[in-house]
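K.L.:
Just so it is clear, I am handing over protein.cif, which has mmCIF, C-alpha atoms.
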data_final
loop_
_atom_site.label_atom_id
_atom_site.label_comp_id
_atom_site.auth_asym_id
_atom_site.auth_seq_id
_atom_site.Cartn_x
_atom_site.Cartn_y
_atom_site.Cartn_z
CA THR A 1 0.00 0.00 0.00
CA GLY A 2 1.29 3.46 -0.90
CA ALA A 3 4.28 2.24 -2.94
CA PRO A 4 6.46 5.32 -3.55
CA ASP A 5 7.05 4.71 -7.26
CA VAL A 6 3.62 3.43 -8.35
CA PHE A 7 0.72 5.71 -9.23
CA ASP A 8 -2.95 5.69 -10.16
CA TYR A 9 -3.15 7.28 -13.61
CA GLY A 10 -6.75 7.33 -14.76
CA GLN A 11 -7.64 4.09 -12.93
CA GLU A 12 -4.53 2.37 -14.27
CA LEU A 13 -1.41 1.32 -12.35
CA VAL A 14 1.68 3.03 -13.74
CA ALA A 15 5.27 3.68 -12.74
CA ILE A 16 7.71 6.40 -13.76
CA HIS A 17 11.03 5.22 -15.15
CA GLY A 18 13.42 8.06 -15.90
CA ASP A 19 11.27 10.51 -17.84
CA ALA A 20 8.82 7.94 -19.23
CA LEU A 21 5.48 6.67 -17.98
CA HIS A 22 5.27 2.88 -17.82
CA HIS A 23 1.87 1.17 -17.95
CA PHE A 24 1.93 -2.13 -16.08
CA LYS A 25 1.11 -5.38 -17.85
CA PRO A 26 1.05 -8.77 -16.08
CA ASP A 27 4.68 -9.59 -16.97
CA SER A 28 6.08 -6.17 -16.05
CA LEU A 29 4.09 -6.14 -12.80
CA ALA A 30 5.52 -9.55 -11.95
CA LEU A 31 9.03 -8.21 -12.52
CA TRP A 32 8.32 -5.13 -10.39
CA LEU A 33 6.91 -7.24 -7.57
CA SER A 34 9.79 -9.72 -7.64
CA ASP A 35 12.25 -6.86 -7.03
CA ARG A 36 10.37 -5.85 -3.88
CA VAL A 37 8.64 -8.93 -2.45
CA GLN A 38 10.01 -12.41 -1.91
CA PHE A 39 7.50 -14.98 -3.13
CA PHE A 40 7.78 -18.64 -2.23
CA THR A 41 5.91 -21.91 -2.35
CA GLN A 42 6.08 -24.72 0.12
CA SER A 43 7.03 -28.30 -0.54
CA LYS A 44 8.35 -31.34 1.27
CA ASP A 45 11.94 -32.45 1.12
CA GLN A 46 13.11 -36.07 1.08
CA THR A 47 12.61 -36.33 4.84
CA GLY A 48 9.06 -35.03 4.65
CA ALA A 49 9.90 -31.66 6.21
CA ILE A 50 8.11 -28.57 4.89
CA ILE A 51 10.52 -26.25 3.06
CA ASP A 52 10.15 -22.87 1.35
CA ILE A 53 11.07 -22.61 -2.34
CA ASP A 54 11.66 -19.25 -3.99
CA SER A 55 9.20 -18.57 -6.81
CA ASP A 56 8.03 -15.86 -9.18
CA PRO A 57 4.93 -13.79 -8.44
CA PRO A 58 1.87 -15.81 -9.51
CA ALA A 59 0.60 -14.73 -12.93
CA ARG A 60 -2.97 -15.08 -11.70
CA ALA A 61 -2.31 -12.64 -8.86
CA CYS A 62 -0.73 -10.13 -11.25
CA ARG A 63 -3.75 -10.25 -13.53
CA ALA A 64 -6.07 -9.86 -10.56
CA ILE A 65 -4.18 -6.79 -9.33
CA LEU A 66 -4.43 -5.12 -12.74
CA GLU A 67 -8.15 -5.89 -12.97
CA THR A 68 -8.88 -4.48 -9.51
CA PRO A 69 -9.85 -0.77 -9.22
CA THR A 70 -6.73 1.17 -8.32
CA THR A 71 -8.57 2.90 -5.47
CA GLN A 72 -8.35 -0.38 -3.56
CA PHE A 73 -4.56 -0.07 -3.24
CA GLY A 74 -4.18 3.43 -1.82
CA VAL A 75 -1.64 4.46 -4.48
CA LYS A 76 -1.07 8.13 -5.20
CA PRO A 77 -3.13 9.72 -8.01
CA LEU A 78 -1.04 11.02 -10.92
CA SER A 79 -2.58 13.82 -12.97
CA ALA A 80 0.35 14.51 -15.28
CA MET A 81 4.12 14.55 -15.70
CA VAL A 82 5.66 17.98 -16.29
CA ARG A 83 9.16 18.78 -17.46
CA THR A 84 9.37 22.38 -16.32
CA PRO A 85 8.57 24.09 -13.00
CA THR A 86 5.01 25.33 -12.87
CA ILE A 87 2.60 27.35 -10.76
CA THR A 88 -0.63 26.12 -9.22
CA PRO A 89 -4.01 27.91 -9.25
CA ASP A 90 -3.36 28.97 -5.64
CA ASN A 91 -0.07 30.63 -6.73
CA ARG A 92 2.18 27.96 -5.25
CA LEU A 93 5.35 27.19 -7.18
CA ILE A 94 6.29 23.60 -7.97
CA THR A 95 10.07 23.61 -8.38
CA THR A 96 11.24 20.48 -6.57
CA PRO A 97 11.68 17.35 -8.72
CA GLY A 98 9.34 14.49 -7.89
CA TYR A 99 5.72 14.07 -6.86
CA ASP A 100 3.53 16.94 -5.65
CA ALA A 101 0.69 15.50 -3.56
CA ALA A 102 -1.55 18.58 -3.72
CA THR A 103 -1.81 18.58 -7.54
CA GLY A 104 -0.85 15.02 -8.48
CA LEU A 105 1.88 16.38 -10.77
CA TYR A 106 5.29 14.77 -11.12
CA LEU A 107 8.09 17.19 -11.99
CA LEU A 108 10.78 15.64 -14.17
CA THR A 109 13.47 18.28 -13.95
CA GLY A 110 16.96 17.45 -12.77
CA ASP A 111 17.60 19.97 -10.00
CA ALA A 112 15.41 22.00 -7.70
CA LEU A 113 15.12 25.64 -8.75
CA HIS A 114 15.28 28.35 -6.14
CA ILE A 115 12.60 30.84 -7.13
CA PRO A 116 11.58 33.48 -4.59
CA ASP A 117 7.98 33.30 -3.37
CA ARG A 118 7.74 37.08 -3.52
CA PRO A 119 10.00 38.29 -6.34
CA THR A 120 10.85 41.95 -6.58
CA ALA A 121 9.79 44.10 -9.51
CA GLN A 122 13.37 43.98 -10.81
CA GLN A 123 13.47 40.19 -10.62
CA ILE A 124 10.19 39.97 -12.52
CA LYS A 125 11.50 42.31 -15.21
CA GLU A 126 14.71 40.31 -15.56
CA ALA A 127 12.75 37.06 -15.82
CA ILE A 128 10.50 38.44 -18.56
CA ASN A 129 13.49 39.79 -20.48
CA THR A 130 15.21 36.40 -20.26
CA LEU A 131 12.07 34.60 -21.43
CA TRP A 132 11.50 37.03 -24.29
CA MET A 133 15.11 37.26 -25.48
CA PRO A 134 14.86 34.45 -28.12
CA PHE A 135 11.87 36.20 -29.70
CA SER A 136 13.03 39.81 -29.55
CA ALA A 137 14.02 39.83 -33.24
CA PHE A 138 10.72 38.46 -34.54
CA ARG A 139 8.68 40.96 -36.55
CA PHE A 140 5.28 40.75 -34.88
CA ALA A 141 2.60 42.71 -36.70
CA THR A 142 1.42 44.52 -33.56
CA PRO A 143 2.34 44.70 -29.87
CA GLY A 144 -0.84 42.71 -29.25
CA ASP A 145 0.52 39.86 -31.36
CA ALA A 146 3.74 39.86 -29.34
CA GLY A 147 1.65 39.84 -26.17
CA ALA A 148 -0.34 36.86 -27.46
CA HIS A 149 2.87 34.88 -27.91
CA LEU A 150 4.08 35.85 -24.43
CA SER A 151 0.72 34.65 -23.11
CA GLY A 152 1.31 31.35 -24.93
CA LEU A 153 4.71 30.95 -23.30
CA LEU A 154 3.30 31.51 -19.83
CA THR A 155 0.38 29.18 -20.55
CA ALA A 156 2.74 26.44 -21.74
CA VAL A 157 4.49 26.15 -18.38
CA SER A 158 1.26 26.29 -16.35
CA ARG A 159 -1.02 24.26 -18.62
CA ALA A 160 -0.92 21.13 -16.46
CA THR A 161 -2.64 22.92 -13.57
CA LEU A 162 -5.31 24.65 -15.67
CA PRO A 163 -8.69 23.02 -16.44
CA THR A 164 -8.80 24.78 -19.81
CA ALA A 165 -6.50 27.14 -21.70
CA PRO A 166 -6.59 29.19 -24.90
CA MET A 167 -4.90 27.74 -27.96
CA PRO A 168 -2.64 30.22 -29.78
CA VAL A 169 -2.88 30.34 -33.56
CA TYR A 170 -0.07 31.71 -35.74
CA SER A 171 -0.46 33.12 -39.24
CA ALA A 172 1.71 35.15 -41.61
CA PRO A 173 1.32 36.61 -45.11
CA VAL A 174 4.48 34.90 -46.42
CA GLN A 175 6.38 31.67 -45.89
CA GLY A 176 9.60 31.66 -43.89
CA SER A 177 8.41 34.30 -41.45
CA GLY A 178 9.04 32.10 -38.39
CA LYS A 179 5.50 31.18 -37.37
CA THR A 180 6.42 27.47 -37.11
CA LYS A 181 9.35 28.30 -34.83
CA LEU A 182 7.09 30.37 -32.61
CA ALA A 183 4.63 27.51 -32.32
CA GLU A 184 7.41 25.00 -31.69
CA SER A 185 8.83 27.14 -28.90
CA LEU A 186 5.72 26.52 -26.79
CA PHE A 187 6.12 22.76 -27.14
CA ILE A 188 9.85 22.88 -26.40
CA LEU A 189 9.26 25.00 -23.31
CA GLN A 190 6.63 22.59 -22.01
CA ARG A 191 8.05 19.22 -23.11
CA GLY A 192 11.76 19.83 -23.58
CA GLU A 193 11.73 18.48 -27.14
CA ARG A 194 10.75 19.51 -30.63
CA ALA A 195 7.21 18.93 -31.85
CA GLU A 196 6.39 16.88 -34.91
CA PRO A 197 4.48 19.16 -37.33
CA MET A 198 1.19 17.79 -38.63
CA PRO A 199 -0.45 19.05 -41.83
CA ILE A 200 -4.01 20.33 -41.69
CA PRO A 201 -6.34 17.67 -43.18
CA THR A 202 -7.96 18.59 -46.46
CA GLY A 203 -10.52 17.01 -48.74
CA ALA A 204 -14.15 16.08 -48.25
CA HIS A 205 -13.67 15.17 -44.59
CA GLY A 206 -10.90 17.64 -43.85
CA GLU A 207 -12.89 19.79 -41.42
CA GLU A 208 -14.08 16.76 -39.44
CA GLU A 209 -10.57 15.28 -39.24
CA PHE A 210 -9.13 18.63 -38.19
CA ARG A 211 -11.67 18.83 -35.37
CA LYS A 212 -10.56 15.37 -34.19
CA LEU A 213 -6.94 16.52 -34.11
CA LEU A 214 -7.82 19.51 -31.97
CA LEU A 215 -10.04 17.62 -29.53
#
Can the structure from this file be put into structure tokens for me?

P.N.:
Amino acid sequence: TGAPDVFDYGQELVAIHGDALHHFKPDSLALWLSDRVQFFTQSKDQTGAIIDIDSDPPARACRAILETPTTQFGVKPLSAMVRTPTITPDNRLITTPGYDAATGLYLLTGDALHIPDRPTAQQIKEAINTLWMPFSAFRFATPGDAGAHLSGLLTAVSRATLPTAPMPVYSAPVQGSGKTKLAESLFILQRGERAEPMPIPTGAHGEEEFRKLLL
């Protein structure tokens, strides 16, 4: 009960290995259990004495565990894994790697970040300048467009704690203007990796397929 590295993720038992989420199957659960619990069967030796014999976790028990509602085991609920520090709706910063019980988030960053709870105006200004520096040379059509991208950056790092969030849309009159890079920057900031671009579906069912991609 309450295993430190097992979680309830949408009524499914999962574990976090490195920066990946592992969904248990009977064989992988058996391996996980064998590393933590000594299973044995009993038999008689040649003299008739009862002896313990090491054994693997029973496959039937592993299947039963996976078919049982996860609420029966008292494991911690996992809402999401995040790769960057974030802020909660009650303005609490999550900067320490590992599990946050209040939100169910698991932060996958390497080192704890020391961010002041009450930053000064100068610290806020410096943070915004640092965040905006990679985009300072982009030719946004209006200050409002630049502000929309800044909003997208801030949303990206806090999305996991928000029930809903606006989706930024980028457009430009010519190719090669950098709109794809702007969109990719949100994904990189949130996930730590580049996004795989997907073309907008076209044809008779293009609108329906596009709606499926969004939702």

K.L.:
Quick check, in Å to one decimal: how far apart do atom CA of A:Arg118 and atom CA of A:Arg92 lie?

P.N.:
10.8 Å

K.L.:
Ranking A:Gly98, A:Ser79, A:Asp56, A:Glu193 by minimum distance to A:Pro163 and counting all atoms listed in the file, which one comes first?

P.N.:
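Of all the options, A:Ser79 lies closest to A:Pro163.
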
K.L.:
Could you check which of A:Glu196, A:Gly206, A:Met167, A:Leu13 is closest to A:Thr180, using all atoms listed in the file?

P.N.:
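With all atoms listed in the file as the atom set, the closest residue is A:Glu196.
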
K.L.:
With all atoms listed in the file counted, which protein, DNA or RNA residues have an atom no more than 12 Å from (6.2, -15.8, -8.0) in the file frame? Please answer as a ChimeraX atom specification.

P.N.:
/A:26-27,29-41,53-62

K.L.:
If you apply the PyMOL selection byres ((chain A and resi 141-155) around 8) to this file, what residues do you get, as a tab-separated table (two decimals) with C-alpha atoms, keeping the file's coordinate frame?

P.N.:
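Dumped everything to out38.tsv:
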chain	number	residue	atom	x	y	z
A	132	TRP	CA	11.50	37.03	-24.29
A	139	ARG	CA	8.68	40.96	-36.55
A	140	PHE	CA	5.28	40.75	-34.88
A	156	ALA	CA	2.74	26.44	-21.74
A	157	VAL	CA	4.49	26.15	-18.38
A	158	SER	CA	1.26	26.29	-16.35
A	159	ARG	CA	-1.02	24.26	-18.62
A	165	ALA	CA	-6.50	27.14	-21.70
A	167	MET	CA	-4.90	27.74	-27.96
A	168	PRO	CA	-2.64	30.22	-29.78
A	182	LEU	CA	7.09	30.37	-32.61
A	185	SER	CA	8.83	27.14	-28.90
A	186	LEU	CA	5.72	26.52	-26.79
A	189	LEU	CA	9.26	25.00	-23.31

K.L.:
I need the residue nearest A:Thr96 from this list: A:Ala172, A:Leu213, A:Leu113, A:Ile65. Use only C-alpha atoms for the distance.

P.N.:
A:Leu113

K.L.:
As an mmCIF file with C-alpha atoms, in the coordinates of the input, please: the residues near A:Ser43 (cut-off 7 Å, all atoms listed in the file, same-chain neighbours under 4 positions excluded).

P.N.:
data_model
loop_
_atom_site.group_PDB
_atom_site.id
_atom_site.type_symbol
_atom_site.label_atom_id
_atom_site.label_comp_id
_atom_site.auth_asym_id
_atom_site.auth_seq_id
_atom_site.Cartn_x
_atom_site.Cartn_y
_atom_site.Cartn_z
ATOM 1 C CA ILE A 50 8.110 -28.570 4.890
ATOM 2 C CA ILE A 51 10.520 -26.250 3.060
ATOM 3 C CA ASP A 52 10.150 -22.870 1.350
#

K.L.:
Suppose a student applies the PyMOL selection byres ((chain A and resi 85) around 6) to this structure; what residues should they get, written as a list of chain:residue names?

P.N.:
A:Thr84, A:Thr86, A:Ile94, A:Thr95

K.L.:
Calculate how many Å separate atom CA of A:Val82 from atom CA of A:Gly192, rounding to one decimal.

P.N.:
9.7 Å

K.L.:
Please compute the atom CA of A:Met81-atom CA of A:His114 distance, one decimal, in Å.

P.N.:
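Atom-to-atom, atom CA of A:Met81 and atom CA of A:His114 are spaced 20.2 Å apart.
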
K.L.:
Could you check which of A:Val14, A:Ala160, A:Leu93, A:Ala204 is closest to A:Val75, using all atoms listed in the file?

P.N.:
A:Val14

K.L.:
When the PyMOL selection byres ((chain A and resi 12) around 9) is applied to the file above, which residues end up in the set, as an NGL selection string?

P.N.:
:A and (7-11 or 13-14 or 23-24 or 66 or 69-70)

K.L.:
When distances are computed from only C-alpha atoms, which of A:Glu126, A:Ile115, A:Thr103, A:Asp5 shows the smallest separation from A:Leu21?

P.N.:
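Looking at the shortest contact to A:Leu21, the residue is A:Asp5.
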
K.L.:
Go through A:Lys125, A:Arg191, A:Lys212, A:Lys25 one by one, measure the shortest atom-to-atom distance of each to A:Ala64 using only C-alpha atoms, and give the residue with the smallest value.

P.N.:
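Among the listed residues, the smallest separation from A:Ala64 belongs to A:Lys25.
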
K.L.:
Fix up stretch 18-29 of chain A with all heavy atoms, then write it as a CSV table (one decimal), in the frame of the given file.

P.N.:
chain,number,residue,atom,x,y,z
A,18,GLY,N,12.7,7.0,-15.2
A,18,GLY,CA,13.4,8.1,-15.9
A,18,GLY,C,12.4,9.2,-16.2
A,18,GLY,O,11.9,9.8,-15.3
A,19,ASP,N,12.2,9.5,-17.5
A,19,ASP,CA,11.3,10.5,-17.8
A,19,ASP,C,10.1,9.9,-18.6
A,19,ASP,O,9.4,10.6,-19.4
A,19,ASP,CB,12.0,11.6,-18.6
A,19,ASP,CG,12.5,11.1,-20.0
A,19,ASP,OD1,12.5,9.9,-20.2
A,19,ASP,OD2,13.0,11.9,-20.8
A,20,ALA,N,9.9,8.6,-18.5
A,20,ALA,CA,8.8,7.9,-19.2
A,20,ALA,C,7.8,7.3,-18.3
A,20,ALA,O,8.1,6.9,-17.2
A,20,ALA,CB,9.4,6.9,-20.1
A,21,LEU,N,6.6,7.3,-18.7
A,21,LEU,CA,5.5,6.7,-18.0
A,21,LEU,C,5.3,5.2,-18.5
A,21,LEU,O,5.2,5.0,-19.6
A,21,LEU,CB,4.2,7.4,-18.2
A,21,LEU,CG,3.0,7.1,-17.3
A,21,LEU,CD1,3.3,7.5,-15.9
A,21,LEU,CD2,1.8,7.9,-17.8
A,22,HIS,N,5.4,4.3,-17.5
A,22,HIS,CA,5.3,2.9,-17.8
A,22,HIS,C,3.9,2.3,-17.4
A,22,HIS,O,3.6,2.4,-16.2
A,22,HIS,CB,6.4,2.1,-17.2
A,22,HIS,CG,6.3,0.6,-17.3
A,22,HIS,ND1,6.6,0.0,-18.5
A,22,HIS,CD2,5.9,-0.4,-16.5
A,22,HIS,CE1,6.4,-1.3,-18.4
A,22,HIS,NE2,6.0,-1.5,-17.2
A,23,HIS,N,3.2,1.8,-18.3
A,23,HIS,CA,1.9,1.2,-18.0
A,23,HIS,C,2.1,-0.3,-17.7
A,23,HIS,O,2.6,-1.0,-18.5
A,23,HIS,CB,0.9,1.4,-19.1
A,23,HIS,CG,0.6,2.8,-19.4
A,23,HIS,ND1,-0.6,3.4,-19.0
A,23,HIS,CD2,1.3,3.8,-20.0
A,23,HIS,CE1,-0.6,4.6,-19.4
A,23,HIS,NE2,0.5,4.9,-20.0
A,24,PHE,N,1.7,-0.7,-16.5
A,24,PHE,CA,1.9,-2.1,-16.1
A,24,PHE,C,1.1,-3.1,-16.9
A,24,PHE,O,-0.1,-2.9,-17.2
A,24,PHE,CB,1.6,-2.3,-14.6
A,24,PHE,CG,2.7,-1.9,-13.7
A,24,PHE,CD1,2.5,-0.8,-12.8
A,24,PHE,CD2,3.9,-2.5,-13.7
A,24,PHE,CE1,3.5,-0.4,-12.0
A,24,PHE,CE2,4.9,-2.1,-12.8
A,24,PHE,CZ,4.7,-1.0,-12.0
A,25,LYS,N,1.7,-4.2,-17.3
A,25,LYS,CA,1.1,-5.4,-17.8
A,25,LYS,C,1.4,-6.5,-16.9
A,25,LYS,O,2.3,-6.4,-16.0
A,25,LYS,CB,1.6,-5.7,-19.3
A,25,LYS,CG,1.4,-4.5,-20.2
A,25,LYS,CD,-0.1,-4.2,-20.4
A,25,LYS,CE,-0.2,-3.0,-21.4
A,25,LYS,NZ,-1.7,-2.6,-21.5
A,26,PRO,N,0.8,-7.7,-17.0
A,26,PRO,CA,1.0,-8.8,-16.1
A,26,PRO,C,2.5,-9.1,-15.9
A,26,PRO,O,3.0,-9.3,-14.8
A,26,PRO,CB,0.2,-9.9,-16.7
A,26,PRO,CG,-0.9,-9.3,-17.3
A,26,PRO,CD,-0.3,-8.0,-17.9
A,27,ASP,N,3.3,-9.2,-17.1
A,27,ASP,CA,4.7,-9.6,-17.0
A,27,ASP,C,5.5,-8.5,-16.3
A,27,ASP,O,6.4,-8.8,-15.5
A,27,ASP,CB,5.2,-9.9,-18.4
A,27,ASP,CG,4.7,-11.2,-18.9
A,27,ASP,OD1,4.1,-12.0,-18.2
A,27,ASP,OD2,4.8,-11.4,-20.2
A,28,SER,N,5.3,-7.2,-16.6
A,28,SER,CA,6.1,-6.2,-16.0
A,28,SER,C,5.7,-6.0,-14.6
A,28,SER,O,6.6,-5.6,-13.8
A,28,SER,CB,5.9,-4.9,-16.8
A,28,SER,OG,4.5,-4.5,-16.8
A,29,LEU,N,4.5,-6.2,-14.2
A,29,LEU,CA,4.1,-6.1,-12.8
A,29,LEU,C,4.8,-7.3,-12.0
A,29,LEU,O,5.2,-7.0,-10.9
A,29,LEU,CB,2.6,-6.2,-12.6
A,29,LEU,CG,2.0,-6.2,-11.2
A,29,LEU,CD1,2.5,-4.9,-10.5
A,29,LEU,CD2,0.5,-6.3,-11.2
